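Text of the file coords.cif, holding mmCIF, C-alpha atoms and all ligand atoms:
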data_upload
#
loop_
_atom_site.label_atom_id
_atom_site.label_comp_id
_atom_site.auth_asym_id
_atom_site.auth_seq_id
_atom_site.Cartn_x
_atom_site.Cartn_y
_atom_site.Cartn_z
CA MET O 310 -124.92 -29.86 -58.41
CA ASN O 311 -127.37 -27.59 -56.58
CA ASN O 312 -130.35 -28.88 -58.59
CA THR O 313 -129.87 -32.35 -57.21
CA ARG O 314 -129.59 -31.24 -53.62
CA ASP O 315 -132.37 -32.65 -51.45
CA GLY O 316 -134.53 -30.10 -49.61
CA PHE O 317 -137.89 -29.32 -48.07
CA ASN O 318 -140.81 -29.72 -50.44
CA SER O 319 -143.05 -27.27 -48.68
CA ARG O 320 -142.94 -24.22 -46.48
CA ILE O 321 -144.96 -25.98 -43.78
CA GLY O 322 -142.52 -28.91 -43.94
CA PHE O 323 -139.67 -26.53 -43.18
CA VAL O 324 -141.54 -24.79 -40.36
CA LEU O 325 -142.51 -28.10 -38.75
CA ALA O 326 -139.00 -29.53 -39.06
CA ALA O 327 -137.34 -26.38 -37.66
CA ALA O 328 -139.96 -26.13 -34.93
CA GLY O 329 -139.37 -29.83 -34.30
CA SER O 330 -135.69 -29.12 -33.81
CA ALA O 331 -136.49 -26.26 -31.46
CA ILE O 332 -139.22 -28.03 -29.52
CA GLY O 333 -137.56 -30.64 -27.38
CA LEU O 334 -136.72 -31.64 -23.85
CA GLY O 335 -135.76 -28.01 -23.31
CA ASN O 336 -139.37 -26.93 -23.78
CA ILE O 337 -141.24 -29.66 -22.00
CA TRP O 338 -138.82 -30.32 -19.19
CA GLY O 339 -136.37 -27.40 -18.99
CA PHE O 340 -138.66 -24.41 -19.41
CA PRO O 341 -141.33 -25.37 -16.84
CA THR O 342 -138.67 -26.31 -14.28
CA GLN O 343 -136.86 -23.01 -14.76
CA ALA O 344 -140.12 -21.08 -14.61
CA ALA O 345 -141.19 -22.87 -11.43
CA ASN O 346 -137.87 -22.08 -9.78
CA HIS O 347 -137.59 -18.48 -10.95
CA GLY O 348 -140.85 -16.80 -10.07
CA GLY O 349 -143.31 -18.30 -12.61
CA GLY O 350 -144.74 -15.49 -14.73
CA ALA O 351 -141.72 -13.29 -13.98
CA PHE O 352 -139.42 -15.83 -15.63
CA LEU O 353 -141.78 -16.02 -18.57
CA MET O 354 -141.57 -12.25 -19.06
CA VAL O 355 -137.77 -12.15 -18.94
CA TYR O 356 -137.66 -15.20 -21.19
CA LEU O 357 -139.88 -13.55 -23.79
CA LEU O 358 -137.70 -10.45 -23.67
CA VAL O 359 -134.38 -12.25 -24.28
CA LEU O 360 -136.02 -14.50 -26.80
CA PHE O 361 -137.24 -11.62 -28.86
CA LEU O 362 -134.21 -9.35 -28.43
CA LEU O 363 -131.44 -11.90 -28.79
CA ALA O 364 -132.35 -15.53 -29.44
CA LEU O 365 -134.71 -14.94 -32.35
CA PRO O 366 -132.21 -12.69 -34.18
CA ALA O 367 -129.54 -15.34 -33.53
CA MET O 368 -131.73 -18.08 -34.98
CA PHE O 369 -132.54 -15.93 -37.99
CA THR O 370 -128.84 -15.19 -38.48
CA GLU O 371 -127.95 -18.88 -38.33
CA MET O 372 -130.69 -19.82 -40.80
CA TYR O 373 -129.81 -16.92 -43.06
CA ILE O 374 -126.20 -18.09 -43.50
CA GLY O 375 -127.40 -21.56 -44.56
CA HIS O 376 -130.27 -20.28 -46.66
CA THR O 377 -128.06 -17.97 -48.69
CA ALA O 378 -125.27 -20.51 -49.20
CA GLN O 379 -127.62 -23.48 -49.85
CA ALA O 380 -124.86 -25.62 -48.42
CA ASN O 381 -123.88 -27.47 -45.23
CA PRO O 382 -122.62 -25.35 -42.29
CA VAL O 383 -118.88 -25.88 -42.93
CA LYS O 384 -119.18 -24.82 -46.56
CA ALA O 385 -121.69 -22.09 -45.76
CA LEU O 386 -119.51 -20.49 -43.08
CA GLY O 387 -116.43 -20.85 -45.27
CA LYS O 388 -118.20 -19.03 -48.10
CA ALA O 389 -119.64 -16.35 -45.83
CA CYS O 390 -116.25 -15.53 -44.33
CA GLY O 391 -114.90 -14.69 -47.80
CA GLU O 392 -111.58 -15.68 -49.34
CA LYS O 393 -109.42 -14.02 -46.71
CA SER O 394 -111.12 -15.64 -43.73
CA ALA O 395 -112.41 -18.83 -45.36
CA LEU O 396 -110.26 -20.94 -43.08
CA LEU O 397 -111.73 -19.25 -40.03
CA GLY O 398 -115.24 -19.93 -41.31
CA LYS O 399 -114.54 -23.55 -42.11
CA THR O 400 -112.86 -24.11 -38.76
CA ALA O 401 -115.86 -22.63 -36.98
CA GLY O 402 -118.08 -24.91 -39.06
CA ILE O 403 -116.04 -27.93 -37.98
CA ILE O 404 -116.21 -26.80 -34.33
CA GLY O 405 -119.97 -26.59 -34.86
CA LEU O 406 -119.97 -30.25 -35.95
CA PHE O 407 -118.29 -31.19 -32.69
CA GLY O 408 -120.89 -29.11 -30.87
CA ALA O 409 -123.60 -31.13 -32.62
CA ILE O 410 -121.93 -34.40 -31.61
CA GLY O 411 -121.46 -33.13 -28.04
CA MET O 412 -125.06 -32.10 -27.84
CA LEU O 413 -126.21 -35.46 -29.25
CA SER O 414 -123.99 -37.38 -26.85
CA PHE O 415 -125.90 -36.28 -23.75
CA TYR O 416 -129.26 -35.60 -25.37
CA SER O 417 -129.51 -39.18 -26.66
CA ILE O 418 -128.91 -40.51 -23.13
CA VAL O 419 -131.70 -38.36 -21.69
CA ALA O 420 -133.97 -39.16 -24.64
CA GLY O 421 -133.35 -42.86 -23.93
CA TRP O 422 -134.67 -42.31 -20.40
CA MET O 423 -137.86 -40.88 -21.88
CA VAL O 424 -138.35 -43.94 -24.07
CA SER O 425 -137.78 -46.33 -21.18
CA HIS O 426 -140.21 -44.38 -18.97
CA SER O 427 -142.82 -44.47 -21.73
CA LEU O 428 -142.50 -48.25 -21.94
CA ALA O 429 -142.85 -48.72 -18.16
CA PRO O 430 -146.64 -48.18 -18.13
CA LEU O 431 -146.96 -50.70 -20.97
CA ALA O 432 -144.99 -53.23 -18.93
CA GLU O 433 -147.39 -52.58 -16.07
CA LEU O 434 -150.34 -53.13 -18.36
CA ALA O 435 -148.84 -56.48 -19.36
CA GLY O 436 -148.44 -57.37 -15.68
CA GLN O 437 -144.64 -57.29 -15.89
CA THR O 438 -143.86 -55.61 -12.58
CA GLN O 439 -140.18 -56.46 -12.63
CA ALA O 440 -139.76 -55.07 -16.11
CA LYS O 441 -141.64 -51.94 -15.08
CA GLN O 442 -139.30 -51.51 -12.14
CA TRP O 443 -136.26 -51.88 -14.38
CA LEU O 444 -137.62 -49.41 -16.94
CA ASN O 445 -138.33 -46.84 -14.24
CA THR O 446 -134.99 -47.08 -12.46
CA ASN O 447 -131.84 -45.42 -13.67
CA SER O 448 -129.09 -47.97 -14.23
CA LEU O 449 -126.06 -48.65 -16.37
CA ASP O 450 -127.86 -51.49 -18.15
CA ARG O 451 -130.79 -49.31 -18.96
CA ASN O 452 -128.55 -46.62 -20.45
CA LEU O 453 -126.63 -49.21 -22.43
CA PHE O 454 -129.89 -50.41 -23.89
CA PHE O 455 -131.90 -47.26 -24.58
CA THR O 456 -129.22 -44.79 -25.70
CA PRO O 457 -128.32 -46.92 -28.77
CA ILE O 458 -132.03 -47.41 -29.48
CA PHE O 459 -132.55 -43.68 -29.61
CA ILE O 460 -129.51 -43.15 -31.80
CA LEU O 461 -130.85 -45.83 -34.16
CA LEU O 462 -134.30 -44.23 -34.27
CA THR O 463 -132.69 -40.94 -35.25
CA ALA O 464 -130.54 -42.65 -37.88
CA ALA O 465 -133.57 -44.41 -39.38
CA ILE O 466 -135.13 -41.03 -40.19
CA ILE O 467 -131.93 -39.31 -41.32
CA ILE O 468 -131.00 -42.12 -43.68
CA LYS O 469 -134.16 -41.43 -45.72
CA GLY O 470 -133.03 -37.91 -46.55
CA VAL O 471 -134.52 -34.45 -46.12
CA SER O 472 -137.90 -34.61 -47.84
CA GLN O 473 -138.56 -38.35 -47.36
CA GLY O 474 -137.12 -38.55 -43.84
CA ILE O 475 -136.90 -35.29 -41.90
CA GLU O 476 -139.83 -33.51 -43.55
CA LYS O 477 -142.15 -36.51 -43.68
CA TRP O 478 -141.56 -37.43 -40.04
CA SER O 479 -141.79 -33.85 -38.79
CA ARG O 480 -145.17 -33.56 -40.49
CA ARG O 481 -146.32 -36.73 -38.74
CA LEU O 482 -144.82 -36.22 -35.31
CA MET O 483 -145.37 -32.52 -34.65
CA PRO O 484 -149.19 -32.54 -34.88
CA LEU O 485 -149.20 -35.67 -32.71
CA LEU O 486 -147.07 -33.86 -30.15
CA LEU O 487 -149.46 -30.92 -30.05
CA VAL O 488 -152.55 -33.11 -29.66
CA MET O 489 -150.94 -35.13 -26.86
CA LEU O 490 -149.75 -32.03 -25.04
CA ILE O 491 -153.16 -30.37 -25.16
CA SER O 492 -154.96 -33.56 -24.09
CA LEU O 493 -152.62 -33.91 -21.11
CA ILE O 494 -153.09 -30.27 -20.12
CA ILE O 495 -156.88 -30.68 -20.17
CA TYR O 496 -156.74 -33.89 -18.17
CA ILE O 497 -154.43 -32.47 -15.49
CA ALA O 498 -156.40 -29.20 -15.30
CA MET O 499 -159.45 -31.23 -14.28
CA GLN O 500 -157.68 -32.73 -11.26
CA GLU O 501 -157.90 -31.31 -7.79
CA GLY O 502 -155.10 -28.93 -6.93
CA ALA O 503 -154.40 -27.98 -10.56
CA ALA O 504 -156.00 -24.52 -10.32
CA GLU O 505 -153.51 -23.53 -7.66
CA GLY O 506 -150.70 -24.63 -9.97
CA ILE O 507 -152.05 -22.58 -12.87
CA ARG O 508 -152.15 -19.56 -10.59
CA ALA O 509 -148.62 -20.14 -9.32
CA TYR O 510 -147.38 -20.43 -12.90
CA LEU O 511 -149.11 -17.44 -14.39
CA ILE O 512 -149.00 -14.91 -11.55
CA PRO O 513 -145.54 -13.37 -11.64
CA ASP O 514 -143.41 -13.18 -8.53
CA PHE O 515 -141.15 -10.20 -9.22
CA SER O 516 -139.01 -10.59 -6.11
CA ASN O 517 -135.96 -11.78 -8.03
CA ILE O 518 -136.56 -10.25 -11.43
CA THR O 519 -133.38 -8.15 -11.29
CA ASP O 520 -131.24 -11.11 -10.29
CA PRO O 521 -128.61 -11.42 -13.06
CA LYS O 522 -128.83 -15.21 -12.69
CA LEU O 523 -132.44 -15.04 -13.82
CA ILE O 524 -131.47 -13.26 -17.04
CA ILE O 525 -128.60 -15.67 -17.62
CA SER O 526 -130.85 -18.69 -17.08
CA ALA O 527 -133.48 -17.21 -19.37
CA MET O 528 -130.91 -16.58 -22.09
CA GLY O 529 -129.34 -20.01 -21.82
CA GLN O 530 -132.79 -21.51 -22.00
CA ALA O 531 -133.78 -19.40 -25.01
CA PHE O 532 -130.61 -20.27 -26.97
CA PHE O 533 -130.94 -23.95 -26.19
CA SER O 534 -134.62 -23.91 -26.97
CA LEU O 535 -134.17 -22.36 -30.41
CA SER O 536 -131.34 -24.85 -31.14
CA ILE O 537 -128.87 -22.07 -31.84
CA GLY O 538 -125.17 -22.73 -32.26
CA VAL O 539 -124.70 -26.27 -33.54
CA GLY O 540 -125.65 -25.62 -37.15
CA GLY O 541 -128.98 -27.45 -37.09
CA MET O 542 -130.92 -24.35 -38.01
CA MET O 543 -128.27 -23.46 -40.59
CA VAL O 544 -128.55 -26.77 -42.35
CA TYR O 545 -132.37 -26.61 -42.30
CA GLY O 546 -132.17 -23.06 -43.68
CA SER O 547 -130.02 -24.43 -46.50
CA TYR O 548 -132.77 -26.89 -47.46
CA LEU O 549 -135.35 -24.14 -47.76
CA LYS O 550 -136.04 -22.80 -51.26
CA LYS O 551 -134.13 -19.63 -52.06
CA GLU O 552 -137.23 -17.53 -52.74
CA GLU O 553 -138.85 -18.13 -49.33
CA ASN O 554 -139.21 -15.30 -46.82
CA LEU O 555 -136.85 -16.28 -44.03
CA VAL O 556 -137.78 -13.45 -41.67
CA LYS O 557 -141.42 -14.51 -41.56
CA LEU O 558 -140.63 -18.20 -41.34
CA SER O 559 -138.13 -17.79 -38.52
CA ILE O 560 -140.69 -15.80 -36.54
CA SER O 561 -143.18 -18.66 -37.02
CA VAL O 562 -140.64 -21.19 -35.77
CA ALA O 563 -139.80 -19.14 -32.67
CA ALA O 564 -143.50 -18.53 -32.00
CA LEU O 565 -144.31 -22.23 -32.18
CA ASP O 566 -141.40 -23.05 -29.91
CA THR O 567 -142.50 -20.48 -27.35
CA VAL O 568 -146.15 -21.52 -27.43
CA ILE O 569 -145.16 -25.13 -26.73
CA ALA O 570 -142.85 -24.11 -23.86
CA VAL O 571 -145.59 -22.01 -22.29
CA LEU O 572 -148.12 -24.82 -22.78
CA ALA O 573 -145.71 -27.33 -21.25
CA GLY O 574 -145.61 -25.10 -18.17
CA LEU O 575 -149.38 -25.35 -18.04
CA LEU O 576 -148.97 -29.11 -17.87
CA ILE O 577 -146.02 -29.60 -15.55
CA ILE O 578 -146.64 -26.97 -12.88
CA PRO O 579 -150.32 -27.81 -12.32
CA ALA O 580 -149.31 -31.51 -12.30
CA LEU O 581 -146.89 -30.76 -9.47
CA PHE O 582 -149.62 -29.09 -7.49
CA VAL O 583 -151.95 -32.02 -8.13
CA ALA O 584 -149.19 -34.29 -6.80
CA GLN O 585 -148.75 -32.06 -3.77
CA HIS O 586 -152.49 -32.17 -3.20
CA GLN O 587 -152.22 -35.95 -3.09
CA GLY O 588 -149.58 -35.80 -0.41
CA ILE O 589 -146.50 -36.25 -2.62
CA GLU O 590 -143.58 -34.09 -1.54
CA VAL O 591 -142.83 -31.52 -4.21
CA TYR O 592 -140.96 -28.71 -2.51
CA ASN O 593 -137.83 -28.96 -0.44
CA ASN O 594 -136.87 -25.88 1.60
CA GLY O 595 -139.07 -23.68 -0.53
CA ALA O 596 -137.40 -24.73 -3.80
CA LEU O 597 -138.75 -27.26 -6.20
CA ILE O 598 -137.31 -30.74 -5.78
CA GLY O 599 -134.37 -31.31 -8.18
CA GLU O 600 -135.01 -31.29 -11.92
CA GLY O 601 -134.55 -35.01 -12.47
CA GLN O 602 -136.67 -35.89 -9.48
CA LEU O 603 -139.46 -33.79 -10.86
CA ILE O 604 -139.92 -35.70 -14.08
CA PHE O 605 -138.74 -39.14 -13.06
CA GLY O 606 -139.76 -39.15 -9.41
CA ILE O 607 -142.79 -37.00 -8.72
CA LEU O 608 -144.74 -37.35 -11.94
CA PRO O 609 -144.55 -41.18 -12.13
CA GLN O 610 -145.72 -41.27 -8.49
CA LEU O 611 -148.64 -39.10 -9.47
CA PHE O 612 -149.49 -41.30 -12.46
CA ASN O 613 -149.32 -44.34 -10.17
CA GLN O 614 -151.83 -42.85 -7.80
CA MET O 615 -154.25 -42.17 -10.63
CA GLY O 616 -155.08 -45.86 -11.00
CA GLU O 617 -155.74 -47.37 -14.45
CA ILE O 618 -155.96 -44.07 -16.27
CA GLY O 619 -152.54 -43.20 -14.86
CA ILE O 620 -151.05 -45.93 -17.04
CA PHE O 621 -152.23 -44.12 -20.16
CA VAL O 622 -151.39 -40.67 -18.85
CA GLY O 623 -147.88 -41.85 -17.91
CA PHE O 624 -147.38 -43.43 -21.30
CA ALA O 625 -148.68 -40.34 -23.11
CA PHE O 626 -146.46 -38.02 -21.10
CA PHE O 627 -143.19 -39.85 -21.72
CA PHE O 628 -144.11 -40.66 -25.30
CA LEU O 629 -144.64 -36.93 -25.83
CA LEU O 630 -141.17 -36.23 -24.46
CA SER O 631 -139.68 -38.97 -26.65
CA ILE O 632 -141.20 -37.44 -29.80
CA ALA O 633 -140.01 -33.99 -28.82
CA ALA O 634 -136.50 -35.35 -28.32
CA LEU O 635 -136.50 -37.25 -31.62
CA THR O 636 -137.36 -34.25 -33.78
CA SER O 637 -134.50 -32.42 -32.03
CA THR O 638 -131.86 -35.12 -32.44
CA ILE O 639 -132.59 -35.44 -36.16
CA SER O 640 -131.64 -31.80 -36.73
CA SER O 641 -128.28 -32.02 -34.99
CA THR O 642 -127.50 -35.37 -36.62
CA GLU O 643 -128.20 -33.85 -40.02
CA VAL O 644 -125.39 -31.31 -39.49
CA PRO O 645 -122.39 -33.70 -39.70
CA VAL O 646 -124.24 -35.98 -42.13
CA ALA O 647 -124.83 -33.11 -44.57
CA TYR O 648 -121.17 -32.13 -44.31
CA ILE O 649 -119.87 -35.64 -44.96
CA VAL O 650 -122.28 -36.24 -47.85
CA GLU O 651 -121.59 -32.92 -49.58
CA SER O 652 -117.98 -32.29 -48.80
CA LYS O 653 -116.58 -35.80 -48.51
CA PHE O 654 -118.81 -37.36 -51.18
CA MET O 655 -119.87 -40.30 -49.04
CA ASP O 656 -123.33 -41.72 -49.65
CA ARG O 657 -126.02 -40.77 -47.18
CA ARG O 658 -126.45 -44.23 -45.72
CA LYS O 659 -122.75 -44.61 -44.92
CA ALA O 660 -122.49 -41.05 -43.61
CA THR O 661 -125.47 -41.58 -41.28
CA LEU O 662 -124.00 -44.81 -39.95
CA LEU O 663 -120.62 -43.19 -39.42
CA VAL O 664 -122.08 -40.20 -37.55
CA SER O 665 -124.32 -42.46 -35.47
CA LEU O 666 -121.32 -44.56 -34.53
CA VAL O 667 -119.39 -41.48 -33.41
CA VAL O 668 -122.38 -40.31 -31.35
CA LEU O 669 -122.69 -43.78 -29.85
CA VAL O 670 -119.03 -43.81 -28.81
CA ALA O 671 -119.37 -40.32 -27.31
CA SER O 672 -122.54 -41.30 -25.43
CA MET O 673 -120.96 -44.50 -24.15
CA THR O 674 -117.95 -42.55 -22.91
CA ILE O 675 -120.34 -40.37 -20.91
CA ILE O 676 -122.34 -43.35 -19.65
CA PHE O 677 -119.22 -45.08 -18.34
CA ASN O 678 -117.96 -41.88 -16.70
CA PHE O 679 -121.34 -40.51 -15.81
CA ASN O 680 -120.50 -38.56 -12.66
CA THR O 681 -117.58 -36.70 -14.19
CA LEU O 682 -118.75 -36.23 -17.76
CA PHE O 683 -122.53 -35.87 -17.92
CA GLY O 684 -122.86 -32.49 -16.19
CA PHE O 685 -119.58 -31.30 -17.66
CA VAL O 686 -120.56 -31.92 -21.31
CA ILE O 687 -123.97 -30.30 -20.78
CA ASN O 688 -122.31 -27.28 -19.21
CA VAL O 689 -119.70 -26.86 -21.97
CA VAL O 690 -122.22 -27.28 -24.80
CA THR O 691 -125.07 -25.20 -23.42
CA ASN O 692 -123.29 -22.45 -21.51
CA TYR O 693 -120.24 -21.98 -23.73
CA HIS O 694 -120.57 -23.55 -27.16
CA LEU O 695 -124.05 -22.26 -27.99
CA PRO O 696 -123.59 -18.58 -27.04
CA ILE O 697 -120.07 -18.37 -28.51
CA MET O 698 -121.27 -19.80 -31.82
CA GLY O 699 -124.25 -17.44 -31.71
CA LEU O 700 -121.84 -14.54 -31.28
CA PHE O 701 -119.74 -15.81 -34.16
CA TYR O 702 -122.78 -15.94 -36.46
CA PHE O 703 -123.57 -12.30 -35.61
CA ILE O 704 -119.99 -11.27 -36.38
CA VAL O 705 -119.97 -13.21 -39.65
CA VAL O 706 -123.21 -11.68 -40.92
CA GLY O 707 -122.58 -8.21 -39.50
CA TRP O 708 -118.88 -7.78 -40.23
CA LEU O 709 -117.05 -10.51 -42.15
CA TRP O 710 -119.43 -11.44 -44.93
CA LYS O 711 -119.34 -9.05 -47.86
CA ARG O 712 -120.03 -10.67 -51.26
CA GLY O 713 -123.48 -12.23 -51.46
CA ASN O 714 -124.64 -10.85 -48.13
CA VAL O 715 -127.94 -9.36 -49.25
CA LEU O 716 -129.05 -8.29 -45.79
CA PHE O 717 -127.41 -4.89 -46.22
CA GLU O 718 -128.27 -4.32 -49.88
CA ASN O 719 -131.41 -2.88 -51.50
CA GLN O 720 -133.61 -3.86 -48.64
CA THR O 721 -136.77 -2.53 -47.08
CA LYS O 722 -136.37 -0.29 -44.04
CA THR O 723 -137.32 -3.07 -41.63
CA ILE O 724 -134.72 -5.46 -43.01
CA LYS O 725 -132.06 -2.75 -42.95
CA LEU O 726 -132.93 -2.08 -39.34
CA LEU O 727 -132.64 -5.78 -38.60
CA ALA O 728 -129.27 -5.90 -40.38
CA TYR O 729 -127.85 -3.06 -38.29
CA TYR O 730 -129.37 -4.52 -35.16
CA ILE O 731 -127.55 -7.80 -35.89
CA LYS O 732 -124.34 -5.94 -36.66
CA PHE O 733 -124.14 -3.67 -33.62
CA VAL O 734 -126.63 -4.42 -30.88
CA CYS O 735 -126.70 -8.22 -30.83
CA PRO O 736 -122.95 -8.86 -30.44
CA ILE O 737 -122.67 -6.31 -27.63
CA MET O 738 -125.69 -7.63 -25.76
CA LEU O 739 -124.65 -11.23 -26.18
CA THR O 740 -121.09 -10.52 -25.02
CA ALA O 741 -122.42 -8.74 -21.94
CA VAL O 742 -124.64 -11.68 -20.98
CA PHE O 743 -121.91 -14.17 -21.79
CA LEU O 744 -119.38 -12.40 -19.56
CA ASN O 745 -121.96 -12.61 -16.81
CA ILE O 746 -122.27 -16.35 -17.36
CA VAL O 747 -118.52 -16.82 -17.11
CA SER O 748 -118.25 -14.78 -13.93
CA ALA O 749 -121.40 -16.23 -12.33
N1 LIG O 801 -133.97 -27.12 -28.93
C1 LIG O 801 -133.81 -28.40 -28.27
C2 LIG O 801 -134.61 -28.40 -26.98
O1 LIG O 801 -135.20 -27.37 -26.62
O2 LIG O 801 -134.66 -29.44 -26.33
C3 LIG O 801 -132.37 -28.69 -27.99
C4 LIG O 801 -131.49 -28.66 -29.21
C5 LIG O 801 -131.81 -29.42 -30.33
C6 LIG O 801 -130.36 -27.86 -29.23
C7 LIG O 801 -131.03 -29.40 -31.44
C8 LIG O 801 -129.55 -27.82 -30.35
C9 LIG O 801 -129.90 -28.61 -31.46
F1 LIG O 801 -129.18 -28.57 -32.53
#

I need this file expressed as structure tokens, please.
Amino acid sequence: MNNTRDGFNSRIGFVLAAAGSAIGLGNIWGFPTQAANHGGGAFLMVYLLVLFLLALPAMFTEMYIGHTAQANPVKALGKACGEKSALLGKTAGIIGLFGAIGMLSFYSIVAGWMVSHSLAPLAELAGQTQAKQWLNTNSLDRNLFFTPIFILLTAAIIIKGVSQGIEKWSRRLMPLLLVMLISLIIYIAMQEGAAEGIRAYLIPDFSNITDPKLIISAMGQAFFSLSIGVGGMMVYGSYLKKEENLVKLSISVAALDTVIAVLAGLLIIPALFVAQHQGIEVYNNGALIGEGQLIFGILPQLFNQMGEIGIFVGFAFFFLLSIAALTSTISSTEVPVAYIVESKFMDRRKATLLVSLVVLVASMTIIFNFNTLFGFVINVVTNYHLPIMGLFYFIVVGWLWKRGNVLFENQTKTIKLLAYYIKFVCPIMLTAVFLNIVSA
């Protein structure tokens, strides 16, 4: 059965797909906004610390469970928990599937906004001012149109399978994303006011570095950014050939993710200062104008003021965000699809359609109850689901998993150290931060 299982054809394919999952709206929108609001370089330093100490080990742990089992997250966790606790493992795997659906339900809505904003400049180019206005303004109609489109885009890639869909598209989209990001950074850096933004971003303001909220925000951001806790990294790990070196590869994925987040800061924060230079209001009572306003209010205003070139810059910016979102939604969609295909023996096409339909219903429920559900689902998934699942992965690998857990057997000193770090230090640290989140 295992010989026929689809998987990544190349190491680079795996790295790009996993980095694609990690690199998303969280990097290009979330990270720069958090950095701008939490002391620029100071946030970056705390972020790097929690990333290295906690999020990277958690991502490795998640991938390791999938990689060893070479199976979908429900099966993999069931196996890892051993005969006595198999039910616990499987249940956690199923909860993970719901986490993936929950995450997709709000992420697809936001991703739809990115697509509509990327089409607005094209409408302008075609002289369709009314259409441009509609594409740039949040409305029920717009959500009802673009959320399904994004879910369909994701499904179109997933339906093709791992090597012909996920891997192929990650190899196409990720280099494109990098080129677009760097081009935008260079263009913005040449505008007046940008230098001040680069300074504000890179020079740390340590005044609130000991604020527990800063550490909590940095950790939440790091977990979200590395896509930990919904099984996406586990299922990608399971598609990686058994003989590959997971420690090295997971470090590459985290490094790519971090580089892109830091680069995105070099785009967004200078862009804000350029906007400010042009008389657009950016700060309100010393704090940056709300997160949504930043991307959908200030930046489009800036692009508008740039004249013709602004049309292309605006398109490139939102297209970049749409690509980043797409490579992230494919990984979480793959989680339930892999489970249904492998454990329920449904063919891939039907499984993809079924999962997409469930995500669509969940998204529509949020859209029709936006004020009550949107923030609530984001809060539950990002602040509770992700860290709790991360903690569970640590406990599985450190404590519950005996047979087949090679992390503690015949290993080099470094791996042994990593194993004991995952067993003792990570769960304690994560619990401490999590308790802070709950009481914050
Ligand atoms: N890592 C993505 C981001 O930074 O936007 C978010 C994400 C994608 C979380 C996929 C979880 C996931 F399974």

Contact table chain O vs ligand LIG 801 (chain O), cut-off 9 Å, shortest pair per residue, all atoms listed in the file, as CSV:
residue,atom,partner,partner_atom,distance
O:Ala328,CA,O:LIG801,N1,8.5
O:Gly329,CA,O:LIG801,N1,8.1
O:Ser330,CA,O:LIG801,C5,5.2
O:Ala331,CA,O:LIG801,N1,3.7
O:Ile332,CA,O:LIG801,O1,5.0
O:Gly333,CA,O:LIG801,O2,3.3
O:Leu334,CA,O:LIG801,O2,3.9
O:Gly335,CA,O:LIG801,O1,3.4
O:Asn336,CA,O:LIG801,O1,5.1
O:Ile337,CA,O:LIG801,O2,7.9
O:Trp338,CA,O:LIG801,O2,8.3
O:Gly339,CA,O:LIG801,O1,7.7
O:Phe340,CA,O:LIG801,O1,8.5
O:Gly408,CA,O:LIG801,F1,8.5
O:Ala409,CA,O:LIG801,F1,6.1
O:Met412,CA,O:LIG801,C8,6.7
O:Leu413,CA,O:LIG801,C7,8.0
O:Tyr416,CA,O:LIG801,C3,8.0
O:Gln530,CA,O:LIG801,O1,7.8
O:Ala531,CA,O:LIG801,O1,8.3
O:Phe532,CA,O:LIG801,N1,7.9
O:Phe533,CA,O:LIG801,C6,5.0
O:Ser534,CA,O:LIG801,O1,3.5
O:Leu535,CA,O:LIG801,N1,5.0
O:Ser536,CA,O:LIG801,C8,3.6
O:Ile537,CA,O:LIG801,C8,6.0
O:Gly538,CA,O:LIG801,C8,7.0
O:Val539,CA,O:LIG801,F1,5.1
O:Gly540,CA,O:LIG801,F1,6.5
O:Gly541,CA,O:LIG801,F1,4.7
O:Met542,CA,O:LIG801,F1,7.1
O:Asp566,CA,O:LIG801,O1,8.2
O:Ala570,CA,O:LIG801,O1,8.8
O:Ala633,CA,O:LIG801,O2,7.5
O:Ala634,CA,O:LIG801,O2,6.5
O:Thr636,CA,O:LIG801,C5,8.1
O:Ser637,CA,O:LIG801,C5,4.4
O:Thr638,CA,O:LIG801,C7,5.9
O:Ile639,CA,O:LIG801,C7,7.8
O:Ser640,CA,O:LIG801,C7,5.8
O:Ser641,CA,O:LIG801,F1,4.3
O:Thr642,CA,O:LIG801,F1,8.1
O:Val644,CA,O:LIG801,F1,8.4
O:Thr691,CA,O:LIG801,C6,8.3
O:Leu695,CA,O:LIG801,C8,8.2

For Arg508 in chain O, please output as a list in words all residues within 12 Å (counting all atoms listed in the file; exclusion window: fewer than 2 positions along the same chain).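 Once the adjacent positions are removed, what remains is Ala345, Gly348, Gly349, Gly350, Ala498, Gly502, Ala503, Ala504, Glu505, Gly506, Tyr510, Leu511, Ile512, Pro513, Asp514, Gly574, Leu575, Ile578, Pro579 and Phe582 of chain O.
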
Residue among O:Met698, O:Leu611, O:Ala647, O:Leu572 lying closest to Val591 in chain O, counting all atoms listed in the file
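Of O:Met698, O:Leu611, O:Ala647, O:Leu572, the one nearest Val591 in chain O, counting all atoms listed in the file, is O:Leu611.
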
If you count all atoms listed in the file, the residue of O:Cys390, O:Ile618, O:Ile525, O:Ala326 closest to Pro430 in chain O turns out to be O:Ile618

- For CA of Lys522 in chain O and CA of Asn688 in chain O, quote the distance in Å rounded to one decimal.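 Computing the Euclidean distance for CA of Lys522 in chain O and CA of Asn688 in chain O yields 15.2 Å.
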
Requested in this report: Pick out the closest residue to Ala465 in chain O from this set: O:Asp315, O:Glu590, O:Glu643, O:Glu553. Count all atoms listed in the file.
Outcome: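 Once distances to Ala465 in chain O are computed over all atoms listed in the file, the minimum belongs to O:Glu643.
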
Next item on the list: Point out the residue among O:Val583, O:Ala385, O:Ile491, O:Leu434 with the least atom-to-atom distance to Lys399 in chain O, counting only C-alpha atoms.
Entry: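 The shortest atom-to-atom distance to Lys399 in chain O comes from O:Ala385.
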